[in-house]
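To be precise, the following lines are input-v8.pdb, and they hold PDB, C-alpha atoms.
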ATOM      1  CA  MET T 216     -14.705   8.666 -26.687
ATOM      2  CA  THR T 217     -17.435   6.683 -28.455
ATOM      3  CA  LEU T 218     -20.129   8.602 -26.619
ATOM      4  CA  PHE T 219     -18.653  11.959 -27.612
ATOM      5  CA  ARG T 220     -18.427  10.835 -31.234
ATOM      6  CA  ASN T 221     -22.034   9.639 -31.200
ATOM      7  CA  VAL T 222     -23.292  12.855 -29.610
ATOM      8  CA  VAL T 223     -21.486  14.856 -32.298
ATOM      9  CA  PHE T 224     -22.942  12.656 -35.057
ATOM     10  CA  VAL T 225     -26.509  12.972 -33.816
ATOM     11  CA  ALA T 226     -26.114  16.719 -33.208
ATOM     12  CA  ALA T 227     -24.554  17.283 -36.634
ATOM     13  CA  ILE T 228     -27.325  15.513 -38.540
ATOM     14  CA  ALA T 229     -30.200  16.968 -36.512
ATOM     15  CA  GLY T 230     -28.600  20.431 -36.491
ATOM     16  CA  LEU T 231     -27.936  20.420 -40.230
ATOM     17  CA  LEU T 232     -31.546  19.555 -41.058
ATOM     18  CA  ALA T 233     -33.094  21.882 -38.464
ATOM     19  CA  GLY T 234     -30.745  24.678 -39.559
ATOM     20  CA  ILE T 235     -31.887  24.306 -43.167
ATOM     21  CA  VAL T 236     -35.530  24.390 -42.070
ATOM     22  CA  MET T 237     -34.807  27.483 -39.971
ATOM     23  CA  THR T 238     -33.083  29.249 -42.881
ATOM     24  CA  ALA T 239     -36.097  28.630 -45.112
ATOM     25  CA  MET T 240     -38.478  29.955 -42.449
ATOM     26  CA  GLN T 241     -36.332  33.038 -41.854
ATOM     27  CA  ALA T 242     -36.110  33.802 -45.552
ATOM     28  CA  TYR T 243     -39.894  34.142 -45.617
ATOM     29  CA  ALA T 244     -40.742  35.343 -42.135
ATOM     30  CA  THR T 245     -37.996  37.412 -40.513
ATOM     31  CA  VAL T 246     -35.345  38.564 -43.014
ATOM     32  CA  PRO T 247     -37.819  40.593 -45.151
ATOM     33  CA  LEU T 248     -38.841  42.483 -42.001
ATOM     34  CA  ILE T 249     -35.182  43.148 -41.142
ATOM     35  CA  LEU T 250     -34.584  44.504 -44.652
ATOM     36  CA  GLN T 251     -37.698  46.664 -44.355
ATOM     37  CA  ALA T 252     -36.477  48.011 -41.004
ATOM     38  CA  GLU T 253     -33.130  48.893 -42.560
ATOM     39  CA  THR T 254     -34.879  51.242 -44.974
ATOM     40  CA  PHE T 255     -36.111  53.194 -41.924
ATOM     41  CA  GLU T 256     -32.636  53.050 -40.420
ATOM     42  CA  ASN T 257     -31.085  54.531 -43.567
ATOM     43  CA  ALA T 258     -33.893  57.052 -44.099
ATOM     44  CA  GLU T 259     -33.423  58.322 -40.588
ATOM     45  CA  ALA T 260     -29.668  58.576 -41.020
ATOM     46  CA  ALA T 261     -29.885  60.647 -44.198
ATOM     47  CA  PRO T 262     -31.143  64.072 -43.046
ATOM     48  CA  ALA T 263     -29.283  64.833 -39.803
ATOM     49  CA  HIS T 264     -27.238  61.822 -38.769
ATOM     50  CA  ASP T 265     -27.326  62.478 -35.050
ATOM     51  CA  HIS T 266     -27.457  58.843 -34.172
ATOM     52  CA  ALA T 267     -25.678  59.266 -30.893
ATOM     53  CA  GLU T 268     -26.021  55.764 -29.538
ATOM     54  CA  ALA T 269     -25.432  53.827 -32.754
ATOM     55  CA  ALA T 270     -21.880  52.566 -33.190
ATOM     56  CA  PRO T 271     -19.127  54.940 -32.167
ATOM     57  CA  THR T 272     -17.191  53.835 -35.256
ATOM     58  CA  THR T 273     -19.919  55.180 -37.508
ATOM     59  CA  ASP T 274     -19.797  58.552 -35.846
ATOM     60  CA  THR T 275     -16.077  58.922 -36.394
ATOM     61  CA  ALA T 276     -16.453  57.642 -39.935
ATOM     62  CA  ALA T 277     -19.197  60.187 -40.570
ATOM     63  CA  ALA T 278     -17.182  62.955 -38.954
ATOM     64  CA  THR T 279     -14.139  62.369 -41.116
ATOM     65  CA  ALA T 280     -16.098  61.752 -44.304
ATOM     66  CA  PRO T 281     -17.222  64.699 -46.429
ATOM     67  CA  GLU T 282     -20.725  65.986 -45.645
ATOM     68  CA  ALA T 283     -22.317  64.424 -48.709
ATOM     69  CA  ALA T 284     -20.887  60.974 -48.024
ATOM     70  CA  ALA T 285     -22.183  60.877 -44.441
ATOM     71  CA  PRO T 286     -25.478  59.046 -45.079
ATOM     72  CA  ALA T 287     -23.773  56.326 -47.092
ATOM     73  CA  ALA T 288     -21.137  55.925 -44.421
ATOM     74  CA  HIS T 289     -23.740  54.891 -41.896
ATOM     75  CA  ASP T 290     -23.893  51.207 -42.704
ATOM     76  CA  HIS T 291     -22.323  49.617 -39.587
ATOM     77  CA  GLY T 292     -18.873  51.148 -39.901
ATOM     78  CA  GLU T 293     -17.122  51.228 -43.234
ATOM     79  CA  GLU T 294     -13.883  49.473 -42.332
ATOM     80  CA  ALA T 295     -15.396  46.152 -41.297
ATOM     81  CA  TRP T 296     -16.205  43.577 -43.904
ATOM     82  CA  ALA T 297     -19.858  42.693 -44.386
ATOM     83  CA  PRO T 298     -21.470  40.278 -46.803
ATOM     84  CA  ALA T 299     -22.899  41.915 -49.933
ATOM     85  CA  ASP T 300     -26.678  42.191 -50.031
ATOM     86  CA  GLY T 301     -28.506  39.424 -51.838
ATOM     87  CA  PHE T 302     -27.130  35.928 -52.243
ATOM     88  CA  GLU T 303     -23.975  36.409 -50.171
ATOM     89  CA  ARG T 304     -25.913  37.798 -47.233
ATOM     90  CA  TYR T 305     -28.411  34.917 -47.360
ATOM     91  CA  ALA T 306     -25.542  32.432 -47.594
ATOM     92  CA  TYR T 307     -23.973  33.764 -44.384
ATOM     93  CA  THR T 308     -27.344  33.703 -42.640
ATOM     94  CA  ALA T 309     -27.777  30.085 -43.743
ATOM     95  CA  ALA T 310     -24.280  29.200 -42.525
ATOM     96  CA  ALA T 311     -24.924  30.882 -39.174
ATOM     97  CA  ASN T 312     -28.172  28.953 -38.887
ATOM     98  CA  VAL T 313     -26.651  25.561 -39.612
ATOM     99  CA  VAL T 314     -23.585  26.104 -37.426
ATOM    100  CA  THR T 315     -25.554  27.332 -34.416
ATOM    101  CA  ALA T 316     -28.253  24.681 -34.932
ATOM    102  CA  ILE T 317     -25.492  22.081 -34.567
ATOM    103  CA  GLY T 318     -24.284  23.972 -31.488
ATOM    104  CA  PHE T 319     -27.766  23.989 -29.953
ATOM    105  CA  ALA T 320     -28.143  20.321 -30.873
ATOM    106  CA  LEU T 321     -24.864  19.487 -29.088
ATOM    107  CA  ILE T 322     -26.190  21.145 -25.936
ATOM    108  CA  LEU T 323     -29.598  19.474 -26.294
ATOM    109  CA  VAL T 324     -28.175  15.984 -26.893
ATOM    110  CA  ALA T 325     -25.560  16.276 -24.135
ATOM    111  CA  VAL T 326     -28.067  17.494 -21.536
ATOM    112  CA  SER T 327     -30.755  14.991 -22.527
ATOM    113  CA  GLU T 328     -28.238  12.113 -22.448
ATOM    114  CA  ALA T 329     -27.388  13.066 -18.885
ATOM    115  CA  PHE T 330     -31.076  12.547 -18.050
ATOM    116  CA  GLY T 331     -31.473   9.267 -19.904
ATOM    117  CA  GLY T 332     -31.609  10.372 -23.528
ATOM    118  CA  ILE T 333     -34.414  11.304 -25.905
ATOM    119  CA  LEU T 334     -36.008   7.954 -26.648
ATOM    120  CA  SER T 335     -38.592   8.861 -29.297
ATOM    121  CA  TRP T 336     -39.510  11.707 -31.607
ATOM    122  CA  ARG T 337     -42.471  12.535 -29.352
ATOM    123  CA  GLN T 338     -40.234  12.869 -26.333
ATOM    124  CA  GLY T 339     -38.032  15.025 -28.542
ATOM    125  CA  LEU T 340     -40.891  17.460 -29.092
ATOM    126  CA  PHE T 341     -41.070  18.104 -25.362
ATOM    127  CA  TRP T 342     -37.319  18.590 -25.153
ATOM    128  CA  GLY T 343     -37.762  21.004 -28.061
ATOM    129  CA  PHE T 344     -40.386  22.966 -26.136
ATOM    130  CA  ALA T 345     -37.966  23.131 -23.212
ATOM    131  CA  GLY T 346     -35.214  24.449 -25.508
ATOM    132  CA  PHE T 347     -37.623  27.075 -26.839
ATOM    133  CA  ALA T 348     -38.597  28.112 -23.320
ATOM    134  CA  VAL T 349     -34.961  28.373 -22.239
ATOM    135  CA  PHE T 350     -33.396  30.055 -25.275
ATOM    136  CA  THR T 351     -36.253  32.121 -26.738
ATOM    137  CA  LEU T 352     -39.209  32.575 -24.422
ATOM    138  CA  ALA T 353     -37.421  33.452 -21.170
ATOM    139  CA  PRO T 354     -34.841  35.914 -22.575
ATOM    140  CA  GLY T 355     -37.453  37.247 -25.030
ATOM    141  CA  LEU T 356     -39.740  38.388 -22.206
ATOM    142  CA  GLY T 357     -37.182  40.945 -21.056
ATOM    143  CA  LEU T 358     -35.431  41.531 -24.364
ATOM    144  CA  PRO T 359     -37.958  41.016 -27.166
ATOM    145  CA  PRO T 360     -36.561  40.369 -30.646
ATOM    146  CA  GLU T 361     -35.307  43.667 -32.033
ATOM    147  CA  LEU T 362     -35.104  45.164 -35.472
ATOM    148  CA  PRO T 363     -32.144  47.227 -36.699
ATOM    149  CA  ALA T 364     -32.338  50.928 -35.707
ATOM    150  CA  MET T 365     -34.293  50.198 -32.539
ATOM    151  CA  PRO T 366     -32.969  51.769 -29.344
ATOM    152  CA  ALA T 367     -31.359  49.353 -26.901
ATOM    153  CA  ALA T 368     -29.342  49.407 -23.696
ATOM    154  CA  ASP T 369     -25.615  48.664 -23.509
ATOM    155  CA  LEU T 370     -24.789  45.533 -25.532
ATOM    156  CA  ALA T 371     -22.588  43.834 -22.935
ATOM    157  CA  ALA T 372     -25.176  44.379 -20.177
ATOM    158  CA  ARG T 373     -27.897  42.837 -22.349
ATOM    159  CA  GLN T 374     -25.695  39.874 -23.210
ATOM    160  CA  VAL T 375     -24.968  39.242 -19.542
ATOM    161  CA  TRP T 376     -28.687  39.395 -18.674
ATOM    162  CA  TRP T 377     -29.501  37.112 -21.628
ATOM    163  CA  ILE T 378     -26.954  34.474 -20.629
ATOM    164  CA  GLY T 379     -27.946  34.656 -16.961
ATOM    165  CA  THR T 380     -31.624  34.266 -17.818
ATOM    166  CA  VAL T 381     -30.965  31.286 -20.080
ATOM    167  CA  ALA T 382     -28.863  29.562 -17.417
ATOM    168  CA  ALA T 383     -31.355  30.245 -14.601
ATOM    169  CA  THR T 384     -34.300  29.061 -16.695
ATOM    170  CA  ALA T 385     -32.508  25.874 -17.760
ATOM    171  CA  ILE T 386     -31.534  24.970 -14.193
ATOM    172  CA  GLY T 387     -35.004  25.899 -12.925
ATOM    173  CA  LEU T 388     -36.762  23.709 -15.498
ATOM    174  CA  ALA T 389     -34.408  20.798 -14.803
ATOM    175  CA  LEU T 390     -35.085  21.046 -11.056
ATOM    176  CA  ILE T 391     -38.836  20.972 -11.690
ATOM    177  CA  ALA T 392     -38.744  18.179 -14.290
ATOM    178  CA  PHE T 393     -36.156  15.797 -12.841
ATOM    179  CA  ARG T 394     -36.250  16.227  -9.054
ATOM    180  CA  ARG T 395     -39.388  14.911  -7.468
ATOM    181  CA  SER T 396     -39.379  17.226  -4.501
ATOM    182  CA  ALA T 397     -41.612  20.170  -3.676
ATOM    183  CA  PRO T 398     -38.892  22.448  -2.193
ATOM    184  CA  LEU T 399     -36.696  21.917  -5.261
ATOM    185  CA  ALA T 400     -39.654  22.619  -7.545
ATOM    186  CA  ILE T 401     -40.237  25.882  -5.697
ATOM    187  CA  LEU T 402     -36.543  26.710  -5.968
ATOM    188  CA  GLY T 403     -36.741  25.939  -9.697
ATOM    189  CA  LEU T 404     -39.696  28.257 -10.139
ATOM    190  CA  ALA T 405     -37.883  30.963  -8.183
ATOM    191  CA  LEU T 406     -34.843  30.587 -10.455
ATOM    192  CA  ILE T 407     -37.034  31.019 -13.530
ATOM    193  CA  VAL T 408     -38.735  34.121 -12.119
ATOM    194  CA  THR T 409     -35.691  35.888 -10.604
ATOM    195  CA  PRO T 410     -34.172  37.316 -13.844
ATOM    196  CA  HIS T 411     -37.498  39.001 -14.593
ATOM    197  CA  ILE T 412     -37.641  40.530 -11.121
ATOM    198  CA  ILE T 413     -34.108  41.846 -11.638
ATOM    199  CA  GLY T 414     -35.260  43.072 -15.045
ATOM    200  CA  ALA T 415     -33.495  43.268 -18.398
ATOM    201  CA  PRO T 416     -31.376  46.327 -19.216
ATOM    202  CA  GLN T 417     -33.622  48.768 -21.075
ATOM    203  CA  PRO T 418     -32.753  51.793 -23.225
ATOM    204  CA  GLU T 419     -33.339  55.269 -21.816
ATOM    205  CA  SER T 420     -36.066  55.884 -24.348
ATOM    206  CA  HIS T 421     -38.044  53.467 -26.469
ATOM    207  CA  GLU T 422     -38.624  56.080 -29.165
ATOM    208  CA  SER T 423     -37.736  54.473 -32.463
ATOM    209  CA  PRO T 424     -38.013  55.116 -36.189
ATOM    210  CA  ILE T 425     -39.468  51.609 -36.615
ATOM    211  CA  PRO T 426     -43.289  51.523 -36.770
ATOM    212  CA  ALA T 427     -44.781  49.611 -33.855
ATOM    213  CA  ASN T 428     -46.732  47.216 -36.044
ATOM    214  CA  LEU T 429     -43.582  46.262 -37.992
ATOM    215  CA  HIS T 430     -41.837  45.495 -34.717
ATOM    216  CA  HIS T 431     -44.816  43.529 -33.428
ATOM    217  CA  GLN T 432     -44.895  41.492 -36.622
ATOM    218  CA  PHE T 433     -41.191  40.784 -36.181
ATOM    219  CA  VAL T 434     -41.548  39.685 -32.544
ATOM    220  CA  VAL T 435     -44.239  37.196 -33.562
ATOM    221  CA  ALA T 436     -42.273  35.952 -36.594
ATOM    222  CA  ALA T 437     -39.010  35.517 -34.682
ATOM    223  CA  THR T 438     -40.716  33.762 -31.760
ATOM    224  CA  VAL T 439     -42.796  31.393 -33.869
ATOM    225  CA  THR T 440     -39.926  30.451 -36.225
ATOM    226  CA  SER T 441     -37.788  29.736 -33.198
ATOM    227  CA  LEU T 442     -40.532  27.564 -31.677
ATOM    228  CA  ILE T 443     -40.750  25.494 -34.858
ATOM    229  CA  PHE T 444     -36.957  25.272 -35.019
ATOM    230  CA  TRP T 445     -36.705  23.854 -31.500
ATOM    231  CA  VAL T 446     -39.562  21.404 -31.919
ATOM    232  CA  VAL T 447     -38.060  20.169 -35.217
ATOM    233  CA  LEU T 448     -34.610  19.899 -33.643
ATOM    234  CA  GLY T 449     -35.904  17.918 -30.660
ATOM    235  CA  GLY T 450     -38.012  15.638 -32.831
ATOM    236  CA  LEU T 451     -35.088  14.947 -35.169
ATOM    237  CA  VAL T 452     -32.780  14.092 -32.269
ATOM    238  CA  GLY T 453     -35.418  11.647 -31.012
ATOM    239  CA  LEU T 454     -35.712  10.077 -34.458
ATOM    240  CA  ILE T 455     -31.979   9.741 -35.118
ATOM    241  CA  ARG T 456     -30.660   8.970 -31.655
ATOM    242  CA  GLY T 457     -31.624   5.291 -31.602
ATOM    243  CA  ARG T 458     -29.466   4.543 -34.621
ATOM    244  CA  PHE T 459     -26.322   5.880 -32.954
ATOM    245  CA  MET T 460     -26.743   5.580 -29.210
ATOM    246  CA  GLY T 461     -29.287   2.944 -28.245
ATOM    247  CA  SER T 462     -27.504  -0.176 -29.422
ATOM    248  CA  GLU T 463     -24.086   1.352 -28.756
ATOM    249  CA  THR T 464     -24.614   1.939 -25.048
ATOM    250  CA  GLU T 465     -26.275  -1.452 -24.630
ATOM    251  CA  LEU T 466     -23.248  -2.994 -26.273
ATOM    252  CA  GLN T 467     -20.915  -1.059 -24.007
ATOM    253  CA  ARG T 468     -22.810  -2.192 -20.947
ATOM    254  CA  SER T 469     -22.782  -5.831 -21.999
ATOM    255  CA  PHE T 470     -19.010  -5.685 -22.433
ATOM    256  CA  ALA T 471     -18.357  -3.843 -19.197
TER     257      ALA T 471
ATOM    258  CA  MET V1137     -14.207 -11.732 -10.183
ATOM    259  CA  THR V1138     -16.769 -10.975 -12.770
ATOM    260  CA  THR V1139     -18.677  -8.702 -10.377
ATOM    261  CA  ALA V1140     -15.468  -6.805  -9.500
ATOM    262  CA  THR V1141     -14.627  -6.052 -13.133
ATOM    263  CA  HIS V1142     -18.221  -5.178 -13.705
ATOM    264  CA  THR V1143     -18.337  -2.507 -10.998
ATOM    265  CA  THR V1144     -14.994  -0.903 -11.931
ATOM    266  CA  GLY V1145     -16.065  -0.901 -15.566
ATOM    267  CA  ALA V1146     -19.334   0.799 -14.713
ATOM    268  CA  ALA V1147     -17.620   3.369 -12.490
ATOM    269  CA  THR V1148     -15.060   4.462 -15.092
ATOM    270  CA  SER V1149     -17.671   4.486 -17.796
ATOM    271  CA  SER V1150     -19.951   6.757 -15.782
ATOM    272  CA  ALA V1151     -17.071   9.150 -15.063
ATOM    273  CA  SER V1152     -16.035   9.207 -18.704
ATOM    274  CA  ARG V1153     -19.703   9.533 -19.705
ATOM    275  CA  ALA V1154     -19.964  12.702 -17.643
ATOM    276  CA  PHE V1155     -16.713  13.996 -19.123
ATOM    277  CA  GLN V1156     -17.741  13.289 -22.710
ATOM    278  CA  LEU V1157     -21.191  14.810 -22.253
ATOM    279  CA  SER V1158     -19.693  17.935 -20.655
ATOM    280  CA  LEU V1159     -17.241  18.207 -23.517
ATOM    281  CA  SER V1160     -20.099  18.017 -26.058
ATOM    282  CA  ALA V1161     -22.125  20.633 -24.207
ATOM    283  CA  LEU V1162     -19.121  22.973 -23.924
ATOM    284  CA  LEU V1163     -18.405  22.607 -27.630
ATOM    285  CA  GLY V1164     -22.036  23.529 -28.360
ATOM    286  CA  LEU V1165     -21.923  26.532 -26.021
ATOM    287  CA  PHE V1166     -18.699  27.718 -27.632
ATOM    288  CA  VAL V1167     -20.152  27.504 -31.157
ATOM    289  CA  VAL V1168     -23.399  29.278 -30.233
ATOM    290  CA  GLY V1169     -21.479  31.824 -28.164
ATOM    291  CA  PHE V1170     -19.130  32.714 -30.986
ATOM    292  CA  VAL V1171     -21.777  33.080 -33.698
ATOM    293  CA  GLY V1172     -24.316  34.766 -31.431
ATOM    294  CA  PHE V1173     -22.236  36.855 -29.058
ATOM    295  CA  SER V1174     -18.826  37.650 -30.510
ATOM    296  CA  HIS V1175     -18.081  41.376 -30.479
ATOM    297  CA  LEU V1176     -15.889  41.025 -33.562
ATOM    298  CA  GLU V1177     -17.331  43.403 -36.145
ATOM    299  CA  VAL V1178     -16.860  40.836 -38.916
ATOM    300  CA  ALA V1179     -18.615  38.064 -36.969
ATOM    301  CA  HIS V1180     -21.434  40.492 -36.183
ATOM    302  CA  ASN V1181     -21.889  41.517 -39.815
ATOM    303  CA  ALA V1182     -21.799  37.977 -41.169
ATOM    304  CA  ALA V1183     -24.377  36.679 -38.697
ATOM    305  CA  HIS V1184     -26.367  39.952 -38.542
ATOM    306  CA  ASP V1185     -29.730  38.712 -39.852
ATOM    307  CA  TYR V1186     -29.359  35.484 -37.901
ATOM    308  CA  ARG V1187     -28.736  37.324 -34.642
ATOM    309  CA  HIS V1188     -31.764  39.520 -35.140
ATOM    310  CA  SER V1189     -33.955  36.559 -36.100
ATOM    311  CA  MET V1190     -32.896  34.564 -33.049
ATOM    312  CA  ALA V1191     -33.326  37.592 -30.788
ATOM    313  CA  PHE V1192     -29.725  37.545 -29.620
ATOM    314  CA  PRO V1193     -28.753  40.937 -28.174
ATOM    315  CA  CYS V1194     -27.412  42.836 -31.183
ATOM    316  CA  HIS V1195     -25.769  46.241 -31.986
TER     317      HIS V1195
END
Written form, structure tokens:
Amino acid sequence: MTLFRNVVFVAAIAGLLAGIVMTAMQAYATVPLILQAETFENAEAAPAHDHAEAAPTTDTAAATAPEAAAPAAHDHGEEAWAPADGFERYAYTAAANVVTAIGFALILVAVSEAFGGILSWRQGLFWGFAGFAVFTLAPGLGLPPELPAMPAADLAARQVWWIGTVAATAIGLALIAFRRSAPLAILGLALIVTPHIIGAPQPESHESPIPANLHHQFVVAATVTSLIFWVVLGGLVGLIRGRFMGSETELQRSFA
Amino acid sequence: MTTATHTTGAATSSASRAFQLSLSALLGLFVVGFVGFSHLEVAHNAAHDYRHSMAFPCH
């Protein structure tokens, strides 16, 4: 299990650093926009609270609560725990960033090892671009980054489309990059395009309390921060990998 | 004799390579899946800003 251990080491170090970078970028670029959007969400909830497609839990909570308490009750269902605003909330965002960055790094390192490994930081940048294309660009075309209070289709349906699109794009890119054959390249391109022909689940109406320019700003911020995250992650894997894998596999081969 | 051990060694190592790489990838998918996709209300609330920032389907 040396290989597994090495993959985990490389992914942990690269993911930790990239996750910290991502947290810093989000603190400046995306989280302020989310907080701003929440003021619209709460303002909209205050007068009438007919938020039919929000969470069903909130509706029951609002129905049972006294009239005056209804607006306050709106915040994502009262019963469930949520981090307090401020430091605690940032801390959980940071933790989510680091943990998932290590998760993404595990996938990136495992897949790249199967194709020969990321041999330099420059090669890592290209793997980073591929990760961005697979996990942000492709699903983001159909389901652009959303702010709180924006209308959206059924959650499970969107998650299925998201996962399907990511898988199809990853396989499609791999077919194009690693199989030197025209039919397979065409198949790869078809795989990348198909989810967008099927189309992402969309809400019945796109009417939203969020101003369009705030949303546009958020789409740009979320996409660009994610691009930097992936490029940093790929570059770091390329930088670190040699220390853990290069000599190790050579050694293994010489013993075998 | 040396060639025989060499080939069996290479064969097992490539099978175990595939296994170990798959295991790593699955672990990564599980971690990302839980933080990004879990329907648990608590997991959603904790990772709320992260999910929005990474454009995971949310709410």
Report as a VMD selection string all protein, DNA and RNA residues lying within 8 Å of Ala1161 (chain V), evaluated on all atoms listed in the file, omitting residues in the same chain fewer than 5 positions from it. chain T and resid 321 to 323 325 to 326
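Here the question is which of T:Val439, T:Val246, T:Ala415, T:Leu429 gets nearest to chain V using only C-alpha atoms, and that residue is T:Val246.
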With distances taken over only C-alpha atoms, which of T:Phe459, T:Phe224, T:Tyr243, T:Phe330 is nearest to Phe393 (chain T)? T:Phe330
Evaluate the ChimeraX specification (/T :<6) & /V here and jot the selected residues down as a PyMOL selection string. chain V and resi 1142+1145+1156-1157+1160-1161+1164+1167-1168+1178+1181-1183+1186+1189+1191+1193
Report, in Å to a single decimal, how far apart CA of Ser423 (chain T) and CA of Asn257 (chain T) are. 12.9 Å
As an exercise, work out the distance from CA of Pro410 (chain T) to CA of His1175 (chain V) in Å and give it to one decimal place. 23.5 Å
Can you report as lines of an AutoDock Vina configuration file the centre and edge lengths in Å, to one decimal, of an axis-aligned box around the listed atoms of region 1182-1193 of chain V padded with 6 Å on each side?
center_x = -27.9
center_y = 37.8
center_z = -34.7
size_x = 24.2
size_y = 18.4
size_z = 25.0
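The gap separating CA of Phe1170 (chain V) from CA of Leu448 (chain T) is 20.3 Å, in Å to one decimal.
The residues that lie within 10 Å of the point (-37.6, 29.6, -10.8), counting only C-alpha atoms, are Ala383, Thr384, Ala385, Ile386, Gly387, Leu388, Leu390, Ile391, Leu399, Ala400, Ile401, Leu402, Gly403, Leu404, Ala405, Leu406, Ile407, Val408, Thr409 and Pro410 of chain T.
Nearest residue to Ser1174 (chain V) among V:Cys1194, V:Leu1162, V:His1188, V:Ala1151 is V:Cys1194, counting all atoms listed in the file.
Comparing T:Met460, T:Ala353, T:Val447, T:Ile228 by their smallest distance to Leu340 (chain T), the closest is T:Val447 (using all atoms listed in the file).
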Would it be fine to have region 1165-1184 of chain V, with N, CA and C atoms, given as a short mmCIF file (atom, residue, chain, number, x, y, z; two decimals), in the first residue's frame?
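For reference, result.cif as written:
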data_model
loop_
_atom_site.label_atom_id
_atom_site.label_comp_id
_atom_site.auth_asym_id
_atom_site.auth_seq_id
_atom_site.Cartn_x
_atom_site.Cartn_y
_atom_site.Cartn_z
N LEU V 1165 -13.68 11.00 -3.93
CA LEU V 1165 -15.07 11.21 -4.35
C LEU V 1165 -16.00 11.20 -3.14
N PHE V 1166 -15.72 10.31 -2.19
CA PHE V 1166 -16.56 10.22 -1.00
C PHE V 1166 -16.50 11.52 -0.20
N VAL V 1167 -15.28 12.04 -0.02
CA VAL V 1167 -15.09 13.27 0.77
C VAL V 1167 -15.82 14.44 0.10
N VAL V 1168 -15.56 14.61 -1.21
CA VAL V 1168 -16.19 15.72 -1.93
C VAL V 1168 -17.70 15.54 -1.94
N GLY V 1169 -18.14 14.30 -2.15
CA GLY V 1169 -19.57 14.02 -2.19
C GLY V 1169 -20.25 14.35 -0.88
N PHE V 1170 -19.62 14.00 0.22
CA PHE V 1170 -20.26 14.27 1.52
C PHE V 1170 -20.34 15.77 1.79
N VAL V 1171 -19.24 16.48 1.61
CA VAL V 1171 -19.25 17.92 1.93
C VAL V 1171 -20.12 18.68 0.93
N GLY V 1172 -20.08 18.27 -0.34
CA GLY V 1172 -20.78 19.04 -1.36
C GLY V 1172 -22.21 18.64 -1.61
N PHE V 1173 -22.56 17.38 -1.31
CA PHE V 1173 -23.85 16.88 -1.77
C PHE V 1173 -24.76 16.32 -0.70
N SER V 1174 -24.25 16.13 0.52
CA SER V 1174 -25.06 15.52 1.56
C SER V 1174 -26.34 16.32 1.79
N HIS V 1175 -27.47 15.60 1.91
CA HIS V 1175 -28.74 16.28 2.17
C HIS V 1175 -28.96 16.54 3.66
N LEU V 1176 -28.03 16.09 4.50
CA LEU V 1176 -28.16 16.37 5.92
C LEU V 1176 -28.18 17.88 6.13
N GLU V 1177 -29.19 18.33 6.87
CA GLU V 1177 -29.35 19.77 7.09
C GLU V 1177 -28.10 20.37 7.74
N VAL V 1178 -27.53 19.64 8.69
CA VAL V 1178 -26.36 20.14 9.41
C VAL V 1178 -25.16 20.27 8.47
N ALA V 1179 -24.95 19.25 7.63
CA ALA V 1179 -23.84 19.30 6.68
C ALA V 1179 -24.05 20.46 5.70
N HIS V 1180 -25.31 20.65 5.29
CA HIS V 1180 -25.61 21.75 4.38
C HIS V 1180 -25.29 23.10 5.02
N ASN V 1181 -25.73 23.28 6.27
CA ASN V 1181 -25.52 24.58 6.92
C ASN V 1181 -24.05 24.87 7.16
N ALA V 1182 -23.31 23.84 7.57
CA ALA V 1182 -21.89 24.05 7.87
C ALA V 1182 -21.13 24.44 6.61
N ALA V 1183 -21.44 23.79 5.49
CA ALA V 1183 -20.67 24.02 4.27
C ALA V 1183 -21.40 24.98 3.33
N HIS V 1184 -22.39 25.73 3.86
CA HIS V 1184 -23.28 26.54 3.02
C HIS V 1184 -22.51 27.48 2.07
#
